[in-house]
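Here is the file run-v1.pdb (PDB, C-alpha atoms).
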```pdb
MODEL        1
ATOM      1  CA  MET A   1     115.530  92.207  98.483
ATOM      2  CA  ILE A   2     114.457  92.552  94.843
ATOM      3  CA  LYS A   3     113.461  96.012  93.687
ATOM      4  CA  HIS A   4     110.955  96.631  90.887
ATOM      5  CA  THR A   5     110.412  99.949  89.149
ATOM      6  CA  PHE A   6     107.287 100.124  87.026
ATOM      7  CA  SER A   7     106.650 103.030  84.662
ATOM      8  CA  ILE A   8     105.679 102.161  81.095
ATOM      9  CA  ILE A   9     107.326  98.793  81.571
ATOM     10  CA  ILE A  10     109.114  97.183  84.467
ATOM     11  CA  THR A  11     112.840  96.917  85.061
ATOM     12  CA  ILE A  12     114.369  95.030  87.933
ATOM     13  CA  VAL A  13     117.436  95.917  90.000
ATOM     14  CA  SER A  14     118.715  94.738  93.357
ATOM     15  CA  THR A  15     118.501  97.072  96.311
ATOM     16  CA  ILE A  16     118.381  97.415 100.049
ATOM     17  CA  SER A  17     116.079 100.036 101.582
ATOM     18  CA  SER A  18     115.402 101.506 104.978
ATOM     19  CA  PHE A  19     112.949 104.131 106.115
ATOM     20  CA  ALA A  20     112.634 106.139 109.297
ATOM     21  CA  GLN A  21     109.006 107.088 109.787
ATOM     22  CA  SER A  22     107.110 109.306 112.186
ATOM     23  CA  ASN A  23     104.176 108.021 114.224
ATOM     24  CA  ALA A  24     102.413 111.386 114.073
ATOM     25  CA  ALA A  25      98.704 111.879 113.395
ATOM     26  CA  ASN A  26      97.222 111.909 109.895
ATOM     27  CA  ASP A  27      99.353 113.711 107.344
ATOM     28  CA  THR A  28      97.447 115.376 104.480
ATOM     29  CA  ILE A  29      99.495 116.149 101.361
ATOM     30  CA  PRO A  30      98.350 118.029  98.223
ATOM     31  CA  LEU A  31      98.177 115.614  95.287
ATOM     32  CA  THR A  32      98.314 116.454  91.576
ATOM     33  CA  ILE A  33      97.193 114.285  88.671
ATOM     34  CA  ASN A  34      98.105 115.392  85.155
ATOM     35  CA  GLU A  35      96.669 114.588  81.733
ATOM     36  CA  GLN A  36      98.914 111.528  81.445
ATOM     37  CA  ASN A  37      97.449 110.060  84.700
ATOM     38  CA  THR A  38     100.651 110.623  86.661
ATOM     39  CA  ILE A  39     100.037 111.415  90.334
ATOM     40  CA  TYR A  40     102.691 113.348  92.219
ATOM     41  CA  VAL A  41     103.456 115.350  95.341
ATOM     42  CA  LYS A  42     106.041 117.982  96.169
ATOM     43  CA  SER A  43     108.852 116.755  98.388
ATOM     44  CA  VAL A  44     112.174 118.022  99.713
ATOM     45  CA  PHE A  45     115.224 115.864  99.076
ATOM     46  CA  ASN A  46     118.315 116.112 101.272
ATOM     47  CA  LYS A  47     116.839 119.213 102.987
ATOM     48  CA  LYS A  48     117.759 121.275  99.908
ATOM     49  CA  ASP A  49     115.950 120.302  96.740
ATOM     50  CA  THR A  50     112.203 120.584  96.080
ATOM     51  CA  LEU A  51     111.121 117.836  93.684
ATOM     52  CA  ASN A  52     107.894 116.621  92.081
ATOM     53  CA  LEU A  53     107.762 112.901  92.830
ATOM     54  CA  ASN A  54     105.335 110.340  91.416
ATOM     55  CA  PHE A  55     103.700 108.149  94.064
ATOM     56  CA  ASP A  56     104.229 104.829  92.324
ATOM     57  CA  THR A  57     102.783 101.754  94.038
ATOM     58  CA  GLY A  58     104.499  99.548  91.458
ATOM     59  CA  THR A  59     107.926 100.462  92.783
ATOM     60  CA  SER A  60     109.834 100.595  96.056
ATOM     61  CA  ASP A  61     112.356 103.021  97.503
ATOM     62  CA  LEU A  62     113.214 106.389  95.894
ATOM     63  CA  VAL A  63     114.103 106.539  92.206
ATOM     64  CA  LEU A  64     115.337 109.772  90.595
ATOM     65  CA  THR A  65     115.750 110.338  86.870
ATOM     66  CA  ASN A  66     119.210 110.746  85.413
ATOM     67  CA  ASN A  67     118.292 114.297  84.400
ATOM     68  CA  THR A  68     117.308 115.123  87.988
ATOM     69  CA  LEU A  69     120.513 113.637  89.375
ATOM     70  CA  LYS A  70     122.633 115.554  86.874
ATOM     71  CA  ASN A  71     120.884 118.920  86.654
ATOM     72  CA  LYS A  72     118.457 119.552  89.520
ATOM     73  CA  LEU A  73     120.256 118.735  92.762
ATOM     74  CA  HIS A  74     122.454 121.118  94.731
ATOM     75  CA  SER A  75     124.933 118.426  95.712
ATOM     76  CA  GLU A  76     126.235 115.173  94.254
ATOM     77  CA  THR A  77     124.177 112.141  95.222
ATOM     78  CA  GLU A  78     125.704 108.737  95.876
ATOM     79  CA  LEU A  79     123.491 105.977  94.555
ATOM     80  CA  TYR A  80     122.438 102.657  96.079
ATOM     81  CA  HIS A  81     124.257 102.666  99.427
ATOM     82  CA  THR A  82     124.043 106.114 101.039
ATOM     83  CA  SER A  83     120.960 107.177 103.029
ATOM     84  CA  TYR A  84     119.327 110.573 102.480
ATOM     85  CA  ASP A  85     116.509 112.550 104.038
ATOM     86  CA  LEU A  86     113.257 112.906 102.082
ATOM     87  CA  LYS A  87     110.444 115.073 103.405
ATOM     88  CA  ILE A  88     106.950 114.194 102.170
ATOM     89  CA  GLY A  89     104.200 116.266 103.721
ATOM     90  CA  SER A  90     105.144 116.962 107.337
ATOM     91  CA  ARG A  91     107.161 113.767 107.803
ATOM     92  CA  ASN A  92     110.782 112.912 107.172
ATOM     93  CA  TYR A  93     111.890 109.592 105.734
ATOM     94  CA  THR A  94     115.346 108.110 105.320
ATOM     95  CA  THR A  95     115.979 106.319 102.050
ATOM     96  CA  LYS A  96     118.648 105.213  99.616
ATOM     97  CA  VAL A  97     118.490 106.519  96.050
ATOM     98  CA  PHE A  98     118.291 104.655  92.738
ATOM     99  CA  ASP A  99     118.407 105.934  89.175
ATOM    100  CA  ALA A 100     116.293 105.517  86.041
ATOM    101  CA  GLU A 101     116.126 107.137  82.644
ATOM    102  CA  LEU A 102     112.416 107.936  82.831
ATOM    103  CA  SER A 103     109.661 108.698  85.327
ATOM    104  CA  GLY A 104     106.039 109.805  85.016
ATOM    105  CA  HIS A 105     105.331 112.898  82.896
ATOM    106  CA  GLY A 106     106.325 116.115  84.631
ATOM    107  CA  THR A 107     108.086 114.419  87.556
ATOM    108  CA  ASP A 108     111.659 114.285  88.800
ATOM    109  CA  GLY A 109     111.385 110.692  89.986
ATOM    110  CA  ARG A 110     109.171 108.378  91.991
ATOM    111  CA  PHE A 111     108.805 106.880  95.449
ATOM    112  CA  GLY A 112     107.247 103.554  96.356
ATOM    113  CA  TRP A 113     104.509 102.214  98.585
ATOM    114  CA  ASP A 114     107.016 100.875 101.112
ATOM    115  CA  PHE A 115     107.565 104.344 102.549
ATOM    116  CA  PHE A 116     104.228 103.662 104.267
ATOM    117  CA  LYS A 117     104.578 100.105 105.573
ATOM    118  CA  ASP A 118     102.225  99.397 108.502
ATOM    119  CA  GLN A 119     100.231 102.545 107.683
ATOM    120  CA  VAL A 120      97.165 103.390 105.604
ATOM    121  CA  VAL A 121      97.442 105.547 102.494
ATOM    122  CA  GLU A 122      94.380 107.385 101.178
ATOM    123  CA  ILE A 123      94.487 108.471  97.534
ATOM    124  CA  ASN A 124      91.598 110.912  97.168
ATOM    125  CA  TYR A 125      91.114 112.186  93.624
ATOM    126  CA  ASP A 126      87.919 114.059  94.477
ATOM    127  CA  LYS A 127      89.786 116.257  96.970
ATOM    128  CA  SER A 128      93.243 116.049  95.299
ATOM    129  CA  ILE A 129      94.959 114.853  98.463
ATOM    130  CA  LEU A 130      97.178 112.009  99.637
ATOM    131  CA  VAL A 131      96.565 111.220 103.315
ATOM    132  CA  ILE A 132      98.681 109.010 105.565
ATOM    133  CA  HIS A 133      96.527 107.442 108.311
ATOM    134  CA  ALA A 134      97.429 105.297 111.300
ATOM    135  CA  GLN A 135      94.435 103.070 110.492
ATOM    136  CA  THR A 136      91.535 102.863 108.058
ATOM    137  CA  PRO A 137      88.814 105.336 109.126
ATOM    138  CA  GLN A 138      85.582 103.882 110.482
ATOM    139  CA  TYR A 139      83.498 105.720 107.882
ATOM    140  CA  VAL A 140      85.263 103.691 105.173
ATOM    141  CA  LEU A 141      84.620 100.390 106.926
ATOM    142  CA  LYS A 142      80.930 101.267 107.325
ATOM    143  CA  ASP A 143      80.356 102.522 103.774
ATOM    144  CA  PRO A 144      79.020  99.707 101.529
ATOM    145  CA  ALA A 145      80.096 101.636  98.436
ATOM    146  CA  TYR A 146      83.721 100.712  99.196
ATOM    147  CA  THR A 147      84.732  97.407  97.676
ATOM    148  CA  LYS A 148      87.444  95.412  99.459
ATOM    149  CA  LEU A 149      90.374  93.628  97.809
ATOM    150  CA  ASN A 150      93.035  91.519  99.502
ATOM    151  CA  ILE A 151      96.701  92.432  99.042
ATOM    152  CA  THR A 152      99.273  89.804  98.079
ATOM    153  CA  TYR A 153     102.931  90.812  98.417
ATOM    154  CA  PHE A 154     105.753  89.568  96.243
ATOM    155  CA  ALA A 155     109.284  90.853  95.614
ATOM    156  CA  ASN A 156     108.561  94.086  97.534
ATOM    157  CA  VAL A 157     105.520  95.058  95.450
ATOM    158  CA  PHE A 158     101.888  93.928  95.718
ATOM    159  CA  SER A 159      98.950  92.661  93.701
ATOM    160  CA  VAL A 160      95.174  92.333  93.925
ATOM    161  CA  GLU A 161      92.760  90.029  92.093
ATOM    162  CA  SER A 162      90.472  91.320  89.349
ATOM    163  CA  THR A 163      88.457  89.706  86.562
ATOM    164  CA  MET A 164      88.650  90.193  82.801
ATOM    165  CA  ILE A 165      85.502  89.600  80.729
ATOM    166  CA  GLN A 166      85.468  88.835  77.010
ATOM    167  CA  ASN A 167      82.962  86.936  74.831
ATOM    168  CA  GLY A 168      81.268  85.402  77.873
ATOM    169  CA  VAL A 169      84.547  84.250  79.440
ATOM    170  CA  HIS A 170      85.359  85.480  82.967
ATOM    171  CA  SER A 171      89.030  85.153  83.949
ATOM    172  CA  LYS A 172      90.088  86.061  87.499
ATOM    173  CA  ASN A 173      93.808  86.714  87.909
ATOM    174  CA  SER A 174      96.381  88.680  89.875
ATOM    175  CA  PHE A 175      97.131  92.262  88.845
ATOM    176  CA  LEU A 176     100.054  94.332  90.001
ATOM    177  CA  PHE A 177      98.565  97.454  91.632
ATOM    178  CA  ASP A 178     100.591 100.118  89.835
ATOM    179  CA  THR A 179      99.765 103.838  90.076
ATOM    180  CA  GLY A 180     103.023 104.476  88.200
ATOM    181  CA  TYR A 181     101.777 102.810  85.009
ATOM    182  CA  GLN A 182      99.956 105.598  83.178
ATOM    183  CA  ARG A 183      97.591 103.541  81.032
ATOM    184  CA  THR A 184      94.636 101.250  81.881
ATOM    185  CA  ALA A 185      96.034  97.728  82.154
ATOM    186  CA  MET A 186      98.931  95.732  80.753
ATOM    187  CA  LEU A 187      98.059  92.098  80.056
ATOM    188  CA  ASP A 188     100.485  89.188  80.271
ATOM    189  CA  HIS A 189     100.276  86.958  77.196
ATOM    190  CA  ASP A 190     101.440  83.835  79.031
ATOM    191  CA  LEU A 191      98.854  84.289  81.782
ATOM    192  CA  MET A 192      96.059  84.773  79.255
ATOM    193  CA  LYS A 193      97.157  81.632  77.421
ATOM    194  CA  GLU A 194      97.394  79.716  80.693
ATOM    195  CA  SER A 195      93.846  80.709  81.673
ATOM    196  CA  LYS A 196      92.533  80.159  78.107
ATOM    197  CA  PHE A 197      91.349  83.738  77.879
ATOM    198  CA  PRO A 198      90.102  84.622  74.337
ATOM    199  CA  SER A 199      92.496  87.526  73.766
ATOM    200  CA  GLU A 200      92.238  86.986  70.016
ATOM    201  CA  LYS A 201      88.582  88.019  70.251
ATOM    202  CA  MET A 202      89.468  91.494  71.493
ATOM    203  CA  GLU A 203      89.225  94.183  68.821
ATOM    204  CA  VAL A 204      92.632  95.668  68.016
ATOM    205  CA  ILE A 205      92.618  99.449  68.371
ATOM    206  CA  LYS A 206      96.225 100.181  67.386
ATOM    207  CA  LYS A 207      99.840  99.005  67.489
ATOM    208  CA  VAL A 208     102.575 101.321  68.820
ATOM    209  CA  ILE A 209     106.073 101.469  70.290
ATOM    210  CA  MET A 210     106.288 102.467  73.973
ATOM    211  CA  LYS A 211     109.337 103.612  75.934
ATOM    212  CA  GLY A 212     110.468 101.520  78.903
ATOM    213  CA  ALA A 213     111.673 102.903  82.231
ATOM    214  CA  GLN A 214     115.265 102.713  80.940
ATOM    215  CA  GLY A 215     114.376 104.262  77.572
ATOM    216  CA  ASN A 216     114.137 100.935  75.723
ATOM    217  CA  GLU A 217     111.548 100.458  72.943
ATOM    218  CA  ILE A 218     108.660  98.015  73.537
ATOM    219  CA  PRO A 219     106.115  97.006  70.836
ATOM    220  CA  VAL A 220     102.588  97.172  72.282
ATOM    221  CA  ILE A 221      99.110  96.294  70.973
ATOM    222  CA  THR A 222      96.101  98.203  72.347
ATOM    223  CA  SER A 223      92.842  96.206  72.253
ATOM    224  CA  ASN A 224      89.295  96.639  73.520
ATOM    225  CA  LEU A 225      88.451  94.524  76.599
ATOM    226  CA  GLU A 226      84.700  94.091  77.040
ATOM    227  CA  GLY A 227      84.795  94.206  80.831
ATOM    228  CA  LEU A 228      87.193  94.630  83.752
ATOM    229  CA  LYS A 229      85.725  93.739  87.151
ATOM    230  CA  ILE A 230      87.437  95.291  90.179
ATOM    231  CA  GLY A 231      85.759  94.192  93.378
ATOM    232  CA  ASN A 232      82.048  94.885  92.936
ATOM    233  CA  TYR A 233      82.470  97.231  89.975
ATOM    234  CA  ILE A 234      82.711  96.509  86.248
ATOM    235  CA  LEU A 235      84.363  98.913  83.822
ATOM    236  CA  LYS A 236      83.137  98.325  80.270
ATOM    237  CA  ASN A 237      85.043  98.531  76.976
ATOM    238  CA  VAL A 238      88.461  99.238  78.428
ATOM    239  CA  PRO A 239      91.339  99.846  75.957
ATOM    240  CA  VAL A 240      94.068  97.580  77.358
ATOM    241  CA  GLN A 241      97.660  97.004  76.331
ATOM    242  CA  GLN A 242      99.369  93.739  75.381
ATOM    243  CA  LEU A 243     103.115  93.291  74.973
ATOM    244  CA  THR A 244     104.191  91.498  71.818
ATOM    245  CA  SER A 245     107.772  90.572  72.731
ATOM    246  CA  HIS A 246     108.265  91.212  76.476
ATOM    247  CA  LYS A 247     106.533  90.205  79.685
ATOM    248  CA  PRO A 248     105.109  92.930  81.963
ATOM    249  CA  LEU A 249     107.121  91.389  84.808
ATOM    250  CA  LYS A 250     110.101  89.124  84.276
ATOM    251  CA  ASN A 251     109.841  85.598  85.688
ATOM    252  CA  LYS A 252     106.228  86.022  86.817
ATOM    253  CA  ASN A 253     102.865  85.677  85.070
ATOM    254  CA  ILE A 254     100.856  88.701  86.183
ATOM    255  CA  HIS A 255      98.792  91.521  84.679
ATOM    256  CA  ILE A 256      99.116  95.198  85.639
ATOM    257  CA  LEU A 257      96.415  97.629  86.746
ATOM    258  CA  GLY A 258      97.461 101.143  85.735
ATOM    259  CA  ASN A 259      96.395 104.572  86.855
ATOM    260  CA  GLU A 260      94.004 105.313  83.991
ATOM    261  CA  VAL A 261      91.835 102.684  85.710
ATOM    262  CA  LEU A 262      92.896 103.230  89.322
ATOM    263  CA  LYS A 263      92.242 106.999  89.209
ATOM    264  CA  ARG A 264      88.522 106.213  88.858
ATOM    265  CA  PHE A 265      88.415 105.139  92.515
ATOM    266  CA  ASP A 266      89.149 106.934  95.755
ATOM    267  CA  THR A 267      91.351 104.387  97.465
ATOM    268  CA  PHE A 268      92.605 103.347 100.894
ATOM    269  CA  LEU A 269      95.719 101.162 100.850
ATOM    270  CA  ASP A 270      95.719  99.471 104.260
ATOM    271  CA  PHE A 271      99.231  98.087 104.663
ATOM    272  CA  LYS A 272      98.545  97.160 108.284
ATOM    273  CA  ASN A 273      95.763  94.701 107.439
ATOM    274  CA  ASN A 274      96.808  93.994 103.837
ATOM    275  CA  VAL A 275      93.630  95.120 102.102
ATOM    276  CA  VAL A 276      92.584  97.800  99.612
ATOM    277  CA  TYR A 277      89.289  99.703  99.789
ATOM    278  CA  MET A 278      88.045 101.336  96.575
ATOM    279  CA  LYS A 279      85.037 103.547  95.836
ATOM    280  CA  PRO A 280      84.074 105.138  92.482
ATOM    281  CA  ASN A 281      84.756 108.870  92.288
ATOM    282  CA  LYS A 282      84.106 111.757  89.896
ATOM    283  CA  LEU A 283      86.516 110.244  87.338
ATOM    284  CA  TYR A 284      84.737 106.882  87.161
ATOM    285  CA  ASP A 285      83.073 107.606  83.795
ATOM    286  CA  ALA A 286      85.905 109.721  82.361
ATOM    287  CA  GLU A 287      86.751 109.074  78.709
ATOM    288  CA  TYR A 288      89.747 106.829  78.098
ATOM    289  CA  ILE A 289      92.714 108.478  76.385
ATOM    290  CA  GLU A 290      92.596 106.053  73.442
ATOM    291  CA  LYS A 291      88.913 106.789  72.865
ATOM    292  CA  LYS A 292      89.568 110.543  72.955
ATOM    293  CA  LYS A 293      92.241 110.056  70.295
ATOM    294  CA  ASN A 294      89.866 108.058  68.113
ATOM    295  CA  ILE A 295      87.161 110.722  68.380
ATOM    296  CA  SER A 296      89.571 113.584  67.634
ATOM    297  CA  GLY A 297      91.163 111.602  64.821
TER
ENDMDL
END
```
Turn this file's structure into structure tokens for me.
Amino acid sequence: MIKHTFSIIITIVSTISSFAQSNAANDTIPLTINEQNTIYVKSVFNKKDTLNLNFDTGTSDLVLTNNTLKNKLHSETELYHTSYDLKIGSRNYTTKVFDAELSGHGTDGRFGWDFFKDQVVEINYDKSILVIHAQTPQYVLKDPAYTKLNITYFANVFSVESTMIQNGVHSKNSFLFDTGYQRTAMLDHDLMKESKFPSEKMEVIKKVIMKGAQGNEIPVITSNLEGLKIGNYILKNVPVQQLTSHKPLKNKNIHILGNEVLKRFDTFLDFKNNVVYMKPNKLYDAEYIEKKKNISG
């Protein structure tokens, strides 16, 4: 099994994972989102240590930062091969542990979507809760405001299709669904070239250096995308990121949807039927971080 951890950029390591899950009724868990768009929940690791963990749909398994492993745990943790107990909400999961230099702002690590295989995960930003359901509620299926996207799995992560709009060109492509990526979207240069998307027509906002999940430096260009269509909804003038020397995902042409976009929708991730339901919430029209910086600057 190939494991992918996605934070600012993606690194790939090999891993084997296993989870023991409860079949109890819905589990409602308090959810926090911070100013950097990181979503996290409190959890208890190894029945001893309370940690803030990012729910990162662009990763699998449990990943703890090196600082957490060194300074925040009551006992030494063996990486990669030993199983540990992790309590999220009222349920206990069994998982192996992997390490990384970085995680989302204010968190001790991250856990992936595959903790909830064959279940339905509700991410509700309006109510600040993460809910684990046995199936998608009927009120979601009957509400026409929810747009439906099909899930495609690859290498133990998943993608959905969305459409980029620029200078009259509409380009529909696969996007990694990544709540662990804190910005709007990361675009793959090769995929844009392959689909003849006019990326050169996008207005450049700035050029910066970002930190990768292992602390490596990545040159990034932020540009203005005229439109990003997700299901039935179009977000206009989205400041998106483009890598200048690395691909968002090694060995695959794919874009990334990050949480500065995804937080604008209350979402049901139906891993039983392999679909995502999304509905605009109170954050739909929130100012983008890059635009706030430009105004304040």
So that I can check the surroundings of region 49-51 of chain A, please list as a VMD selection string every protein, DNA and RNA residue that reaches within 8 Å of it, counting only C-alpha atoms and ignoring chain neighbours fewer than 2 positions away.
chain A and resid 42 to 47 53 72 to 74 107 to 108
Evaluate the PyMOL selection byres ((chain A and resi 186) around 12) here and jot the selected residues down as a PyMOL selection string.
chain A and resi 6-10+164+174-178+181-185+187-189+191-192+220-223+225+238-244+246-249+253-261
I would like the residues chosen by the PyMOL selection byres ((chain A and resi 102) around 6) on the shown file; could you give them as a list in words?
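With the shown file as input, the PyMOL selection byres ((chain A and resi 102) around 6) matches Thr65, Ala100, Glu101, Ser103 and Ala213 of chain A.
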Distance criterion (only C-alpha atoms): nearest to Lys172 (chain A) out of A:Phe116, A:Phe154, A:Tyr139, A:Phe197:
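Comparing A:Phe116, A:Phe154, A:Tyr139, A:Phe197 against Lys172 (chain A), the winner is A:Phe197.
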Enclose region 130-137 of chain A, meaning all of its atoms listed in the file, in a box aligned along x, y and z, pad it by 6 Å on each side, and list the centre and edge lengths in Å to one decimal, as lines of an AutoDock Vina configuration file.
```
center_x = 93.7
center_y = 107.4
center_z = 105.5
size_x = 21.9
size_y = 21.1
size_z = 23.7
```
Report the residues retrieved by the PyMOL selection byres ((chain A and resi 158) around 12) from the displayed file, expressed as JSON, numbers by chain.
{"A": [3, 4, 6, 56, 57, 58, 59, 60, 112, 113, 114, 117, 149, 150, 151, 152, 153, 154, 155, 156, 157, 159, 160, 161, 174, 175, 176, 177, 178, 179, 254, 255, 256, 257, 269, 270, 271, 274, 275, 276]}
From the coordinates I just gave you, please extract region 134-148 of chain A so that only N, CA and C atoms remain, then output it as a compact mmCIF listing (two decimals), in the first residue's frame.
```
# COMPACT_ATOMS: atom_id res chain seq x y z
N ALA A 134 -23.53 6.09 9.91
CA ALA A 134 -23.55 4.78 9.27
C ALA A 134 -23.93 4.90 7.80
N GLN A 135 -24.74 5.91 7.47
CA GLN A 135 -25.14 6.16 6.09
C GLN A 135 -25.49 7.63 5.92
N THR A 136 -25.56 8.09 4.68
CA THR A 136 -25.91 9.48 4.42
C THR A 136 -27.36 9.74 4.83
N PRO A 137 -27.62 10.77 5.64
CA PRO A 137 -28.99 11.04 6.08
C PRO A 137 -29.93 11.34 4.92
N GLN A 138 -31.19 10.98 5.08
CA GLN A 138 -32.18 11.20 4.04
C GLN A 138 -32.36 12.68 3.72
N TYR A 139 -32.23 13.54 4.74
CA TYR A 139 -32.45 14.97 4.48
C TYR A 139 -31.40 15.54 3.53
N VAL A 140 -30.21 14.91 3.50
CA VAL A 140 -29.18 15.33 2.55
C VAL A 140 -29.55 14.89 1.14
N LEU A 141 -30.00 13.66 1.01
CA LEU A 141 -30.36 13.12 -0.30
C LEU A 141 -31.54 13.85 -0.92
N LYS A 142 -32.40 14.43 -0.07
CA LYS A 142 -33.60 15.11 -0.56
C LYS A 142 -33.39 16.61 -0.77
N ASP A 143 -32.27 17.13 -0.33
CA ASP A 143 -32.04 18.58 -0.40
C ASP A 143 -31.33 18.92 -1.72
N PRO A 144 -32.00 19.63 -2.63
CA PRO A 144 -31.39 19.95 -3.93
C PRO A 144 -30.20 20.91 -3.82
N ALA A 145 -30.02 21.53 -2.67
CA ALA A 145 -28.89 22.44 -2.52
C ALA A 145 -27.56 21.68 -2.42
N TYR A 146 -27.62 20.39 -2.08
CA TYR A 146 -26.40 19.59 -2.05
C TYR A 146 -26.02 19.16 -3.46
N THR A 147 -24.79 19.45 -3.84
CA THR A 147 -24.29 18.98 -5.12
C THR A 147 -23.50 17.68 -4.89
N LYS A 148 -23.55 16.78 -5.86
CA LYS A 148 -23.01 15.43 -5.69
C LYS A 148 -21.81 15.24 -6.61
```
